file start_18.txt (compact mmCIF, C-alpha atoms and all ligand atoms)
# COMPACT_ATOMS: atom_id res chain seq x y z
CA MET P 1 -24.06 -79.97 42.26
CA VAL P 2 -22.29 -78.25 39.36
CA GLU P 3 -22.76 -74.49 39.42
CA ASN P 4 -23.30 -72.69 36.13
CA SER P 5 -20.08 -70.79 35.44
CA SER P 6 -21.02 -68.68 32.44
CA ILE P 7 -22.84 -65.38 32.18
CA TYR P 8 -25.54 -65.23 29.49
CA TYR P 9 -25.20 -62.78 26.59
CA CYS P 10 -27.45 -62.30 23.57
CA TYR P 11 -24.98 -61.19 20.89
CA PRO P 12 -24.19 -58.72 19.46
CA VAL P 13 -24.09 -56.56 22.57
CA PHE P 14 -23.41 -52.82 22.62
CA ARG P 15 -22.24 -50.72 25.53
CA PRO P 16 -21.04 -47.13 25.89
CA PRO P 17 -17.24 -46.70 25.58
CA SER P 18 -17.10 -45.44 29.17
CA GLU P 19 -18.54 -48.77 30.38
CA GLY P 20 -15.59 -50.65 28.90
CA ASN P 21 -14.42 -51.93 32.31
CA SER P 22 -17.90 -52.48 33.72
CA LEU P 23 -19.62 -55.75 34.50
CA LEU P 24 -22.09 -56.20 31.62
CA ILE P 25 -25.33 -57.93 32.57
CA GLN P 26 -28.05 -58.78 30.07
CA LEU P 27 -31.27 -57.46 31.60
CA THR P 28 -33.22 -56.90 28.38
CA GLU P 29 -32.69 -58.14 24.83
CA GLY P 30 -33.02 -55.86 21.79
CA CYS P 31 -34.89 -52.57 21.87
CA THR P 32 -38.52 -51.48 21.74
CA TYR P 33 -37.81 -48.72 19.18
CA HIS P 34 -36.77 -48.79 15.52
CA CYS P 35 -34.41 -45.96 14.62
CA ASP P 36 -33.34 -45.95 10.97
CA PHE P 37 -29.60 -46.08 11.68
CA CYS P 38 -29.48 -48.60 14.52
CA VAL P 39 -28.78 -52.33 14.65
CA SER P 40 -29.84 -52.84 18.28
CA ASN P 41 -33.08 -54.57 17.49
CA LEU P 42 -32.06 -56.45 14.36
CA ARG P 43 -32.25 -60.22 14.80
CA LYS P 44 -33.50 -59.81 18.39
CA ASP P 45 -37.07 -60.02 19.64
CA PHE P 46 -37.42 -57.61 22.51
CA LYS P 47 -37.77 -59.06 25.97
CA VAL P 48 -37.10 -58.30 29.60
CA ARG P 49 -35.33 -61.39 30.92
CA ASN P 50 -36.63 -63.39 33.82
CA LEU P 51 -35.19 -61.73 36.94
CA GLU P 52 -34.22 -65.05 38.51
CA ASP P 53 -32.00 -65.74 35.48
CA VAL P 54 -30.46 -62.28 35.70
CA LYS P 55 -29.78 -62.82 39.41
CA LYS P 56 -28.04 -66.10 38.58
CA ASP P 57 -25.77 -64.18 36.18
CA LEU P 58 -24.98 -61.70 38.94
CA ASP P 59 -24.18 -64.60 41.28
CA VAL P 60 -21.81 -66.11 38.70
CA ALA P 61 -20.17 -62.71 38.17
CA ASN P 62 -19.79 -62.32 41.91
CA ARG P 63 -17.92 -65.62 42.15
CA LYS P 64 -15.69 -64.64 39.20
CA TYR P 65 -15.00 -60.96 39.80
CA GLY P 66 -16.32 -60.19 43.32
CA SER P 67 -14.72 -57.13 44.83
CA HIS P 68 -13.14 -56.02 41.53
CA VAL P 69 -16.46 -54.83 40.12
CA ARG P 70 -16.72 -51.03 40.30
CA LYS P 71 -19.46 -50.39 37.75
CA ILE P 72 -22.33 -52.45 36.38
CA PHE P 73 -24.08 -51.87 33.06
CA PHE P 74 -27.44 -53.45 32.29
CA LEU P 75 -27.69 -54.36 28.60
CA ASP P 76 -29.48 -53.98 26.06
CA GLY P 77 -30.58 -51.08 23.79
CA ASN P 78 -33.05 -49.51 26.22
CA ALA P 79 -32.94 -51.36 29.56
CA MET P 80 -34.62 -48.32 31.19
CA VAL P 81 -37.87 -49.59 29.65
CA THR P 82 -37.89 -52.41 32.24
CA PRO P 83 -40.91 -51.99 34.54
CA THR P 84 -39.77 -49.96 37.56
CA GLU P 85 -40.43 -52.67 40.18
CA LYS P 86 -38.23 -55.12 38.30
CA LEU P 87 -35.53 -52.55 37.55
CA LEU P 88 -35.50 -51.53 41.20
CA GLU P 89 -35.31 -55.11 42.43
CA ILE P 90 -32.43 -56.05 40.13
CA THR P 91 -30.54 -52.81 40.80
CA LYS P 92 -30.75 -53.43 44.56
CA TYR P 93 -29.71 -57.06 44.08
CA ALA P 94 -26.70 -56.04 41.96
CA MET P 95 -25.57 -53.28 44.33
CA ASN P 96 -25.84 -55.69 47.31
CA LYS P 97 -23.86 -58.38 45.51
CA PHE P 98 -21.02 -56.00 44.68
CA PRO P 99 -20.32 -53.78 47.68
CA ASN P 100 -17.50 -52.01 45.82
CA ALA P 101 -19.74 -51.08 42.90
CA GLN P 102 -20.32 -47.33 42.65
CA ARG P 103 -23.22 -47.43 40.26
CA VAL P 104 -25.46 -49.17 37.78
CA GLY P 105 -25.89 -47.69 34.27
CA VAL P 106 -28.42 -48.22 31.47
CA TYR P 107 -29.23 -47.05 27.97
CA ALA P 108 -32.52 -45.16 27.96
CA HIS P 109 -34.74 -43.77 25.24
CA ALA P 110 -36.18 -40.37 26.32
CA LYS P 111 -39.70 -41.82 26.32
CA ASP P 112 -38.64 -44.60 28.76
CA ILE P 113 -37.58 -41.86 31.18
CA LEU P 114 -40.73 -39.80 30.65
CA LYS P 115 -42.92 -42.83 31.38
CA LYS P 116 -41.42 -43.11 34.87
CA SER P 117 -42.53 -40.77 37.66
CA GLY P 118 -40.10 -38.50 39.49
CA LYS P 119 -40.51 -40.72 42.57
CA GLN P 120 -39.73 -43.89 40.58
CA LEU P 121 -36.59 -42.32 39.13
CA LYS P 122 -35.51 -41.13 42.57
CA ASP P 123 -36.03 -44.65 44.00
CA LEU P 124 -33.91 -46.09 41.19
CA SER P 125 -31.23 -43.49 41.81
CA ASP P 126 -31.23 -44.17 45.57
CA ALA P 127 -30.87 -47.89 44.80
CA GLY P 128 -27.72 -47.23 42.72
CA LEU P 129 -28.89 -46.49 39.17
CA LYS P 130 -26.79 -43.39 38.73
CA ILE P 131 -26.24 -42.90 34.99
CA ALA P 132 -28.48 -43.04 31.92
CA TYR P 133 -27.08 -42.97 28.38
CA VAL P 134 -29.70 -41.28 26.22
CA GLY P 135 -29.55 -41.11 22.43
CA PHE P 136 -30.62 -37.55 21.58
CA GLU P 137 -29.12 -37.80 18.06
CA SER P 138 -30.31 -34.25 17.19
CA GLY P 139 -32.14 -31.24 18.55
CA ASP P 140 -33.92 -30.78 15.22
CA ASP P 141 -37.45 -32.18 15.30
CA ASN P 142 -37.60 -32.52 11.49
CA LEU P 143 -34.46 -34.64 11.47
CA LEU P 144 -35.63 -36.69 14.46
CA LYS P 145 -38.82 -37.47 12.56
CA GLN P 146 -36.90 -38.31 9.40
CA ILE P 147 -34.77 -40.94 11.22
CA GLY P 148 -37.72 -42.54 13.03
CA LYS P 149 -36.45 -41.57 16.49
CA ASN P 150 -39.90 -41.26 18.06
CA ALA P 151 -38.78 -38.37 20.30
CA THR P 152 -38.73 -34.58 20.13
CA LYS P 153 -36.48 -31.83 21.40
CA GLU P 154 -39.08 -31.10 24.07
CA ASP P 155 -39.00 -34.76 25.17
CA TYR P 156 -35.23 -34.43 25.67
CA ILE P 157 -35.61 -31.25 27.72
CA ASN P 158 -38.26 -32.86 29.94
CA ALA P 159 -36.44 -36.19 30.27
CA THR P 160 -33.21 -34.40 31.22
CA ARG P 161 -35.00 -32.38 33.88
CA LYS P 162 -36.45 -35.57 35.37
CA LEU P 163 -33.07 -37.32 35.37
CA MET P 164 -31.30 -34.36 36.92
CA ASP P 165 -34.00 -33.94 39.59
CA ALA P 166 -33.51 -37.61 40.51
CA LYS P 167 -29.71 -37.17 40.58
CA ILE P 168 -29.19 -39.61 37.72
CA THR P 169 -26.29 -38.42 35.57
CA LEU P 170 -27.12 -37.68 31.93
CA SER P 171 -24.86 -38.91 29.16
CA ALA P 172 -26.41 -37.84 25.85
CA THR P 173 -25.22 -38.82 22.39
CA PHE P 174 -25.69 -36.98 19.10
CA ILE P 175 -24.85 -38.18 15.60
CA ASN P 176 -23.00 -36.05 13.06
CA GLY P 177 -23.91 -36.54 9.43
CA LEU P 178 -27.46 -37.71 10.10
CA GLY P 179 -29.04 -35.40 7.52
CA GLY P 180 -26.90 -36.64 4.64
CA ALA P 181 -24.94 -34.76 2.00
CA ASN P 182 -27.65 -33.32 -0.21
CA ASN P 183 -29.11 -30.83 2.23
CA GLN P 184 -26.79 -28.20 3.68
CA ASN P 185 -29.75 -26.55 5.37
CA LEU P 186 -30.56 -29.74 7.28
CA SER P 187 -26.95 -30.03 8.45
CA ASN P 188 -26.97 -26.41 9.69
CA ASN P 189 -30.27 -26.86 11.47
CA HIS P 190 -29.03 -30.09 13.02
CA ALA P 191 -25.96 -28.35 14.44
CA ILE P 192 -27.69 -25.15 15.58
CA LYS P 193 -30.77 -26.81 17.09
CA SER P 194 -28.65 -29.45 18.83
CA ALA P 195 -26.55 -26.67 20.40
CA ASP P 196 -29.73 -24.88 21.44
CA LEU P 197 -30.97 -28.09 23.09
CA VAL P 198 -27.70 -28.52 24.99
CA ASN P 199 -27.76 -24.84 26.04
CA LYS P 200 -31.31 -25.30 27.33
CA ILE P 201 -30.60 -28.42 29.43
CA CYS P 202 -27.48 -26.94 31.05
CA PRO P 203 -27.92 -27.31 34.83
CA SER P 204 -27.46 -24.31 37.10
CA ASP P 205 -24.99 -26.15 39.35
CA ASP P 206 -21.54 -27.70 38.76
CA ARG P 207 -22.57 -31.38 38.52
CA LEU P 208 -20.91 -33.52 35.83
CA TRP P 209 -22.92 -34.28 32.69
CA TYR P 210 -21.81 -35.70 29.38
CA ILE P 211 -22.41 -34.82 25.73
CA SER P 212 -20.88 -36.98 22.99
CA PHE P 213 -20.96 -36.85 19.23
CA LEU P 214 -20.60 -39.99 17.15
CA SER P 215 -20.27 -39.83 13.36
CA LEU P 216 -22.87 -41.67 11.34
CA MET P 217 -22.10 -45.27 10.36
CA ILE P 218 -24.49 -47.12 8.05
CA PRO P 219 -24.57 -50.79 9.09
CA GLN P 220 -26.06 -53.43 6.85
CA GLY P 221 -29.64 -54.35 7.74
CA THR P 222 -30.69 -50.86 8.80
CA VAL P 223 -33.34 -48.74 7.06
CA LEU P 224 -30.63 -46.19 6.32
CA TYR P 225 -28.54 -48.84 4.59
CA GLU P 226 -31.44 -49.50 2.21
CA LYS P 227 -31.92 -45.76 1.63
CA LYS P 228 -28.24 -45.44 0.77
CA ARG P 229 -28.40 -48.44 -1.56
CA ASN P 230 -31.36 -46.84 -3.34
CA HIS P 231 -29.50 -43.49 -3.59
CA LYS P 232 -32.05 -41.84 -1.31
CA PHE P 233 -29.37 -41.08 1.24
CA ILE P 234 -25.89 -39.77 0.43
CA GLU P 235 -23.24 -39.77 3.15
CA MET P 236 -21.59 -36.53 4.19
CA SER P 237 -17.84 -36.18 3.71
CA ALA P 238 -15.49 -36.24 6.71
CA ILE P 239 -14.79 -32.52 6.25
CA ASP P 240 -18.48 -31.59 6.14
CA ILE P 241 -19.04 -33.66 9.29
CA LEU P 242 -16.30 -31.69 11.07
CA LYS P 243 -17.81 -28.43 9.82
CA GLU P 244 -21.18 -29.53 11.20
CA LEU P 245 -19.57 -30.22 14.57
CA ARG P 246 -17.83 -26.82 14.41
CA THR P 247 -21.20 -25.10 13.93
CA PHE P 248 -22.52 -27.00 16.96
CA ILE P 249 -19.58 -25.91 19.15
CA GLU P 250 -19.76 -22.30 17.89
CA ASN P 251 -23.38 -22.15 19.01
CA ILE P 252 -22.74 -23.41 22.55
CA ASN P 253 -23.53 -20.61 24.95
CA PHE P 254 -24.35 -21.90 28.42
CA PRO P 255 -26.36 -19.77 30.82
CA ASN P 256 -24.14 -21.22 33.58
CA LYS P 257 -20.47 -20.56 32.79
CA GLU P 258 -19.41 -22.84 35.69
CA ALA P 259 -21.12 -25.87 34.08
CA ASN P 260 -19.18 -29.14 34.00
CA CYS P 261 -20.22 -30.63 30.69
CA VAL P 262 -17.76 -33.31 29.56
CA PHE P 263 -17.70 -33.15 25.76
CA ARG P 264 -16.40 -36.09 23.76
CA SER P 265 -16.13 -36.82 20.10
CA ASN P 266 -13.53 -39.56 20.41
CA HIS P 267 -15.54 -42.67 19.54
CA ALA P 268 -14.27 -45.14 16.93
CA SER P 269 -16.78 -43.68 14.46
CA ASN P 270 -15.26 -40.19 14.67
CA TYR P 271 -12.75 -38.79 12.18
CA LEU P 272 -10.91 -36.67 14.74
CA PRO P 273 -10.65 -37.45 18.48
CA ILE P 274 -11.72 -34.48 20.61
CA LYS P 275 -12.54 -34.09 24.28
CA GLY P 276 -12.87 -31.21 26.66
CA ILE P 277 -15.13 -29.37 29.06
CA LEU P 278 -17.88 -27.14 27.73
CA GLU P 279 -18.04 -24.22 27.71
CA LYS P 280 -14.58 -23.71 29.23
CA ASP P 281 -12.65 -25.42 26.39
CA LYS P 282 -14.74 -24.06 23.51
CA LYS P 283 -11.84 -22.09 21.97
CA GLU P 284 -9.43 -25.06 22.07
CA ILE P 285 -12.05 -27.44 20.65
CA LEU P 286 -12.67 -25.03 17.76
CA GLU P 287 -8.92 -24.81 17.11
CA ILE P 288 -8.66 -28.63 16.91
CA LEU P 289 -11.66 -28.74 14.56
CA ASN P 290 -10.20 -26.03 12.31
CA TYR P 291 -6.89 -27.91 12.22
CA GLY P 292 -8.70 -31.14 11.24
CA ILE P 293 -10.73 -29.33 8.57
CA SER P 294 -7.55 -28.01 6.94
CA HIS P 295 -5.52 -31.25 7.38
CA LYS P 296 -7.55 -34.00 5.77
CA ASP P 297 -4.59 -36.41 5.97
CA MET P 298 -4.80 -36.27 9.80
CA LEU P 299 -8.30 -37.75 9.90
CA ARG P 300 -9.15 -41.36 10.74
CA SER P 301 -9.50 -43.33 7.52
CA GLU P 302 -12.81 -44.97 6.67
CA SER P 303 -11.42 -48.49 7.18
CA TYR P 304 -10.54 -47.69 10.82
CA ARG P 305 -13.97 -46.35 11.68
CA GLY P 306 -16.47 -48.51 13.54
CA LEU P 307 -19.30 -48.62 16.04
C1 LIG M 401 -27.30 -48.52 21.42
S1 LIG M 401 -27.94 -46.89 21.29
C2 LIG M 401 -28.81 -46.76 22.85
C3 LIG M 401 -29.44 -45.41 23.13
C4 LIG M 401 -30.89 -45.42 23.55
N1 LIG M 401 -31.55 -46.60 23.16
C5 LIG M 401 -31.63 -44.27 22.91
O1 LIG M 401 -31.93 -44.38 21.74
O2 LIG M 401 -31.86 -43.26 23.56
C6 LIG M 401 -26.56 -45.87 21.63
C7 LIG M 401 -26.28 -44.74 20.70
O3 LIG M 401 -25.33 -45.14 19.73
C8 LIG M 401 -25.43 -44.24 18.64
N2 LIG M 401 -25.54 -45.02 17.39
C9 LIG M 401 -26.27 -46.12 17.18
N3 LIG M 401 -26.17 -46.51 15.88
C10 LIG M 401 -25.35 -45.61 15.29
C11 LIG M 401 -24.87 -45.44 13.94
N4 LIG M 401 -25.25 -46.26 12.96
N5 LIG M 401 -24.02 -44.43 13.69
C12 LIG M 401 -23.63 -43.58 14.67
N6 LIG M 401 -24.08 -43.67 15.94
C13 LIG M 401 -24.93 -44.66 16.24
C14 LIG M 401 -26.68 -43.39 18.85
O4 LIG M 401 -26.32 -42.12 19.35
C15 LIG M 401 -27.42 -44.18 19.89
O5 LIG M 401 -28.27 -43.40 20.66
S1 LIG M 402 -30.94 -45.83 18.92
FE1 LIG M 402 -31.67 -46.54 20.89
S2 LIG M 402 -33.91 -46.44 20.72
FE2 LIG M 402 -33.12 -46.36 18.65
S3 LIG M 402 -33.19 -48.51 17.96
FE3 LIG M 402 -31.11 -48.06 18.75
S4 LIG M 402 -31.15 -48.73 20.83
FE4 LIG M 402 -33.28 -48.53 20.19

call {"tool": "encode", "arguments": {"input": "start_18.txt", "output": "structure tokens"}}
result
Amino acid sequence: MVENSSIYYCYPVFRPPSEGNSLLIQLTEGCTYHCDFCVSNLRKDFKVRNLEDVKKDLDVANRKYGSHVRKIFFLDGNAMVTPTEKLLEITKYAMNKFPNAQRVGVYAHAKDILKKSGKQLKDLSDAGLKIAYVGFESGDDNLLKQIGKNATKEDYINATRKLMDAKITLSATFINGLGGANNQNLSNNHAIKSADLVNKICPSDDRLWYISFLSLMIPQGTVLYEKKRNHKFIEMSAIDILKELRTFIENINFPNKEANCVFRSNHASNYLPIKGILEKDKKEILEILNYGISHKDMLRSESYRGL
């Protein structure tokens, strides 16, 4: 009998930068949401794959990479939407197959988290699902509505609480430049309300949690691409994007000064790579931002930006 030696992928696949060395396993295809800026569900009809097929991929991966696998990431855009029984079964299967694996990770829309009970999330966490990458994008409800996110600031606060109670690490992403260039007010609100959201979800202990900012890209095929083509959306300049991020950082004021919030703005879409711990490194982060704002030539050029 000839054993299948390839792992199935439905391209293009996206994974968080921090899952770069992880075993990627296609659990779902596409995404059940339709955000204006995102390509995750273009050219893909959403489905949860047959678990027997996913298990076969894990078996193949085990033969290829075995004990080298430290982290597993279940693709695609919102694998957390997978019905809990299935997600639990496949998480347990994966963690059993790879005894050296420390965790399973998934992308999750806030509503996927809210639809699961505290007990379901705790069961998933106990089985090995230890990190969820959640696209917050903004803390401003008006902007969230404008981009078709189908979530509110309150959803993010509640979803974070549920994740943290279940001991699933939160990694939340925001997008700079989402409001566009023709509304300075929207940019200010985006920055200030996003900071307020992050202040509000700050845990009272010293656990690690992650906040990242990407800078808006406008890929072909998205609703935003059409808006830009029709001059209904004008992109913000690199400098204005950095100023927006500066306003966000200035407004960070955690109730718990011992918090361990890993802040990153060092994705390929960003103009200036920044990382640090909030709130501890606030002053240094602001210095880097001010330097970038006054040294345009230091910024990543448009042709080197990507998703
Ligand atoms: C593949 S999505 C998965 C997140 C998850 N489905 C959710 O929405 O909560 C990962 C993140 O990449 C970022 N992203 C996607 N498209 C982007 C774009 N065009 N420009 C900048 N960031 C983008 C967003 O922050 C998004 O939440
Ligand atoms: S940002 Fe997340 S929820 Fe929105 S379409 Fe992309 S993958 Fe789906």

call {"tool": "atom_distance", "arguments": {"input": "start_18.txt", "atom1": "CA of Leu143 in chain P", "atom2": "CA of Arg43 in chain P"}}
result
25.9 Å

call {"tool": "closest_residue", "arguments": {"input": "start_18.txt", "among": "P:Lys149, P:Arg15, P:His190, P:Lys130", "to": "Lys243 in chain P", "atoms": "only C-alpha atoms"}}
result
P:His190

call {"tool": "residues_near_point", "arguments": {"input": "start_18.txt", "point": "(-7.0, -36.8, 12.3)", "cutoff": "10 Å", "atoms": "only C-alpha atoms", "output": "PyMOL selection string"}}
result
chain P and resi 270-274+288-289+291-293+295-301

call {"tool": "residues_near_point", "arguments": {"input": "start_18.txt", "point": "(-21.6, -29.2, 17.6)", "cutoff": "8 Å", "atoms": "only C-alpha atoms", "output": "ChimeraX atom specification"}}
result
/P:191-192,194-195,213,244-252

call {"tool": "residues_near_ligand", "arguments": {"input": "start_18.txt", "ligand": "ligand LIG 401 (chain M)", "cutoff": "8 Å", "atoms": "all atoms listed in the file", "output": "number ranges by chain"}}
result
P: 14-16, 31, 33, 35, 37-40, 76-78, 107-110, 133-137, 149, 172-176, 213-219, 269, 307

call {"tool": "axis_aligned_box", "arguments": {"input": "start_18.txt", "around": "ligand LIG 402 (chain M)", "padding_each_side": "8 Å", "output": "JSON"}}
result
{"center_x": -32.4, "center_y": -47.3, "center_z": 19.4, "size_x": 19.0, "size_y": 18.9, "size_z": 18.9}

call {"tool": "residues_around", "arguments": {"input": "start_18.txt", "residues": "Arg161 in chain P", "least_positions_apart": "6", "cutoff": "12 Å", "atoms": "all atoms listed in the file", "output": "ChimeraX atom specification"}}
result
/P:110,113-114,117-118,121,154-155,167-170,200-204

call {"tool": "closest_residue", "arguments": {"input": "start_18.txt", "among": "P:Leu286, P:Ile25, P:Leu129, P:Val223", "to": "ligand LIG 402 (chain M)", "atoms": "all atoms listed in the file"}}
result
P:Val223

call {"tool": "atom_distance", "arguments": {"input": "start_18.txt", "atom1": "CA of Arg229 in chain P", "atom2": "CA of Asn182 in chain P"}}
result
15.2 Å

call {"tool": "atom_distance", "arguments": {"input": "start_18.txt", "atom1": "CA of Gly180 in chain P", "atom2": "CA of Gly221 in chain P"}}
result
18.2 Å

call {"tool": "closest_residue", "arguments": {"input": "start_18.txt", "among": "P:Asp140, P:Glu226, P:Asp59, P:Asp205", "to": "Lys153 in chain P", "atoms": "only C-alpha atoms"}}
result
P:Asp140

call {"tool": "build_atoms", "arguments": {"input": "start_18.txt", "residues": "range 219-228 of chain P", "atoms": "all heavy atoms", "output": "PDB file, in the coordinates of the input"}}
result
ATOM      1  N   PRO P 219     -24.720 -49.330   9.078  1.00  0.00           N
ATOM      2  CA  PRO P 219     -24.570 -50.790   9.090  1.00  0.00           C
ATOM      3  C   PRO P 219     -25.606 -51.492   8.223  1.00  0.00           C
ATOM      4  O   PRO P 219     -26.742 -51.021   8.091  1.00  0.00           O
ATOM      5  CB  PRO P 219     -24.782 -51.159  10.573  1.00  0.00           C
ATOM      6  CG  PRO P 219     -24.871 -49.884  11.328  1.00  0.00           C
ATOM      7  CD  PRO P 219     -25.223 -48.807  10.353  1.00  0.00           C
ATOM      8  N   GLN P 220     -25.171 -52.599   7.673  1.00  0.00           N
ATOM      9  CA  GLN P 220     -26.060 -53.430   6.850  1.00  0.00           C
ATOM     10  C   GLN P 220     -27.276 -53.853   7.683  1.00  0.00           C
ATOM     11  O   GLN P 220     -27.140 -54.125   8.878  1.00  0.00           O
ATOM     12  CB  GLN P 220     -25.299 -54.680   6.415  1.00  0.00           C
ATOM     13  CG  GLN P 220     -25.819 -55.240   5.140  1.00  0.00           C
ATOM     14  CD  GLN P 220     -24.822 -56.221   4.524  1.00  0.00           C
ATOM     15  OE1 GLN P 220     -23.705 -56.393   5.005  1.00  0.00           O
ATOM     16  NE2 GLN P 220     -25.241 -56.870   3.463  1.00  0.00           N
ATOM     17  N   GLY P 221     -28.424 -53.896   7.039  1.00  0.00           N
ATOM     18  CA  GLY P 221     -29.640 -54.350   7.740  1.00  0.00           C
ATOM     19  C   GLY P 221     -30.494 -53.200   8.228  1.00  0.00           C
ATOM     20  O   GLY P 221     -31.672 -53.379   8.525  1.00  0.00           O
ATOM     21  N   THR P 222     -29.910 -51.994   8.295  1.00  0.00           N
ATOM     22  CA  THR P 222     -30.690 -50.860   8.800  1.00  0.00           C
ATOM     23  C   THR P 222     -31.506 -50.224   7.664  1.00  0.00           C
ATOM     24  O   THR P 222     -31.195 -50.410   6.471  1.00  0.00           O
ATOM     25  CB  THR P 222     -29.770 -49.777   9.398  1.00  0.00           C
ATOM     26  OG1 THR P 222     -28.866 -49.337   8.381  1.00  0.00           O
ATOM     27  CG2 THR P 222     -28.978 -50.317  10.581  1.00  0.00           C
ATOM     28  N   VAL P 223     -32.519 -49.458   8.042  1.00  0.00           N
ATOM     29  CA  VAL P 223     -33.340 -48.740   7.060  1.00  0.00           C
ATOM     30  C   VAL P 223     -32.448 -47.776   6.263  1.00  0.00           C
ATOM     31  O   VAL P 223     -32.581 -47.630   5.049  1.00  0.00           O
ATOM     32  CB  VAL P 223     -34.465 -47.961   7.794  1.00  0.00           C
ATOM     33  CG1 VAL P 223     -35.226 -47.054   6.838  1.00  0.00           C
ATOM     34  CG2 VAL P 223     -35.422 -48.934   8.482  1.00  0.00           C
ATOM     35  N   LEU P 224     -31.510 -47.148   6.981  1.00  0.00           N
ATOM     36  CA  LEU P 224     -30.630 -46.190   6.320  1.00  0.00           C
ATOM     37  C   LEU P 224     -29.749 -46.863   5.265  1.00  0.00           C
ATOM     38  O   LEU P 224     -29.445 -46.274   4.219  1.00  0.00           O
ATOM     39  CB  LEU P 224     -29.751 -45.511   7.391  1.00  0.00           C
ATOM     40  CG  LEU P 224     -29.291 -44.103   7.071  1.00  0.00           C
ATOM     41  CD1 LEU P 224     -30.442 -43.192   6.695  1.00  0.00           C
ATOM     42  CD2 LEU P 224     -28.530 -43.523   8.248  1.00  0.00           C
ATOM     43  N   TYR P 225     -29.353 -48.090   5.540  1.00  0.00           N
ATOM     44  CA  TYR P 225     -28.540 -48.840   4.590  1.00  0.00           C
ATOM     45  C   TYR P 225     -29.312 -49.017   3.270  1.00  0.00           C
ATOM     46  O   TYR P 225     -28.773 -48.829   2.175  1.00  0.00           O
ATOM     47  CB  TYR P 225     -28.177 -50.202   5.185  1.00  0.00           C
ATOM     48  CG  TYR P 225     -27.264 -51.035   4.324  1.00  0.00           C
ATOM     49  CD1 TYR P 225     -25.890 -50.871   4.389  1.00  0.00           C
ATOM     50  CD2 TYR P 225     -27.793 -51.977   3.439  1.00  0.00           C
ATOM     51  CE1 TYR P 225     -25.050 -51.632   3.589  1.00  0.00           C
ATOM     52  CE2 TYR P 225     -26.967 -52.744   2.642  1.00  0.00           C
ATOM     53  CZ  TYR P 225     -25.602 -52.572   2.718  1.00  0.00           C
ATOM     54  OH  TYR P 225     -24.774 -53.318   1.934  1.00  0.00           O
ATOM     55  N   GLU P 226     -30.595 -49.334   3.411  1.00  0.00           N
ATOM     56  CA  GLU P 226     -31.440 -49.500   2.210  1.00  0.00           C
ATOM     57  C   GLU P 226     -31.588 -48.175   1.481  1.00  0.00           C
ATOM     58  O   GLU P 226     -31.535 -48.122   0.254  1.00  0.00           O
ATOM     59  CB  GLU P 226     -32.826 -50.051   2.605  1.00  0.00           C
ATOM     60  CG  GLU P 226     -32.822 -51.537   2.930  1.00  0.00           C
ATOM     61  CD  GLU P 226     -32.088 -52.366   1.862  1.00  0.00           C
ATOM     62  OE1 GLU P 226     -32.443 -52.266   0.667  1.00  0.00           O
ATOM     63  OE2 GLU P 226     -31.146 -53.100   2.231  1.00  0.00           O
ATOM     64  N   LYS P 227     -31.776 -47.087   2.260  1.00  0.00           N
ATOM     65  CA  LYS P 227     -31.920 -45.760   1.630  1.00  0.00           C
ATOM     66  C   LYS P 227     -30.655 -45.406   0.854  1.00  0.00           C
ATOM     67  O   LYS P 227     -30.712 -44.860  -0.235  1.00  0.00           O
ATOM     68  CB  LYS P 227     -32.176 -44.689   2.702  1.00  0.00           C
ATOM     69  CG  LYS P 227     -33.611 -44.672   3.223  1.00  0.00           C
ATOM     70  CD  LYS P 227     -33.836 -43.440   4.092  1.00  0.00           C
ATOM     71  CE  LYS P 227     -35.242 -43.436   4.661  1.00  0.00           C
ATOM     72  NZ  LYS P 227     -35.410 -42.498   5.767  1.00  0.00           N
ATOM     73  N   LYS P 228     -29.517 -45.746   1.434  1.00  0.00           N
ATOM     74  CA  LYS P 228     -28.240 -45.440   0.770  1.00  0.00           C
ATOM     75  C   LYS P 228     -28.110 -46.266  -0.527  1.00  0.00           C
ATOM     76  O   LYS P 228     -27.725 -45.760  -1.569  1.00  0.00           O
ATOM     77  CB  LYS P 228     -27.078 -45.736   1.726  1.00  0.00           C
ATOM     78  CG  LYS P 228     -25.734 -45.366   1.169  1.00  0.00           C
ATOM     79  CD  LYS P 228     -24.613 -45.745   2.096  1.00  0.00           C
ATOM     80  CE  LYS P 228     -23.308 -45.776   1.344  1.00  0.00           C
ATOM     81  NZ  LYS P 228     -22.230 -46.373   2.097  1.00  0.00           N
TER      82      LYS P 228
END
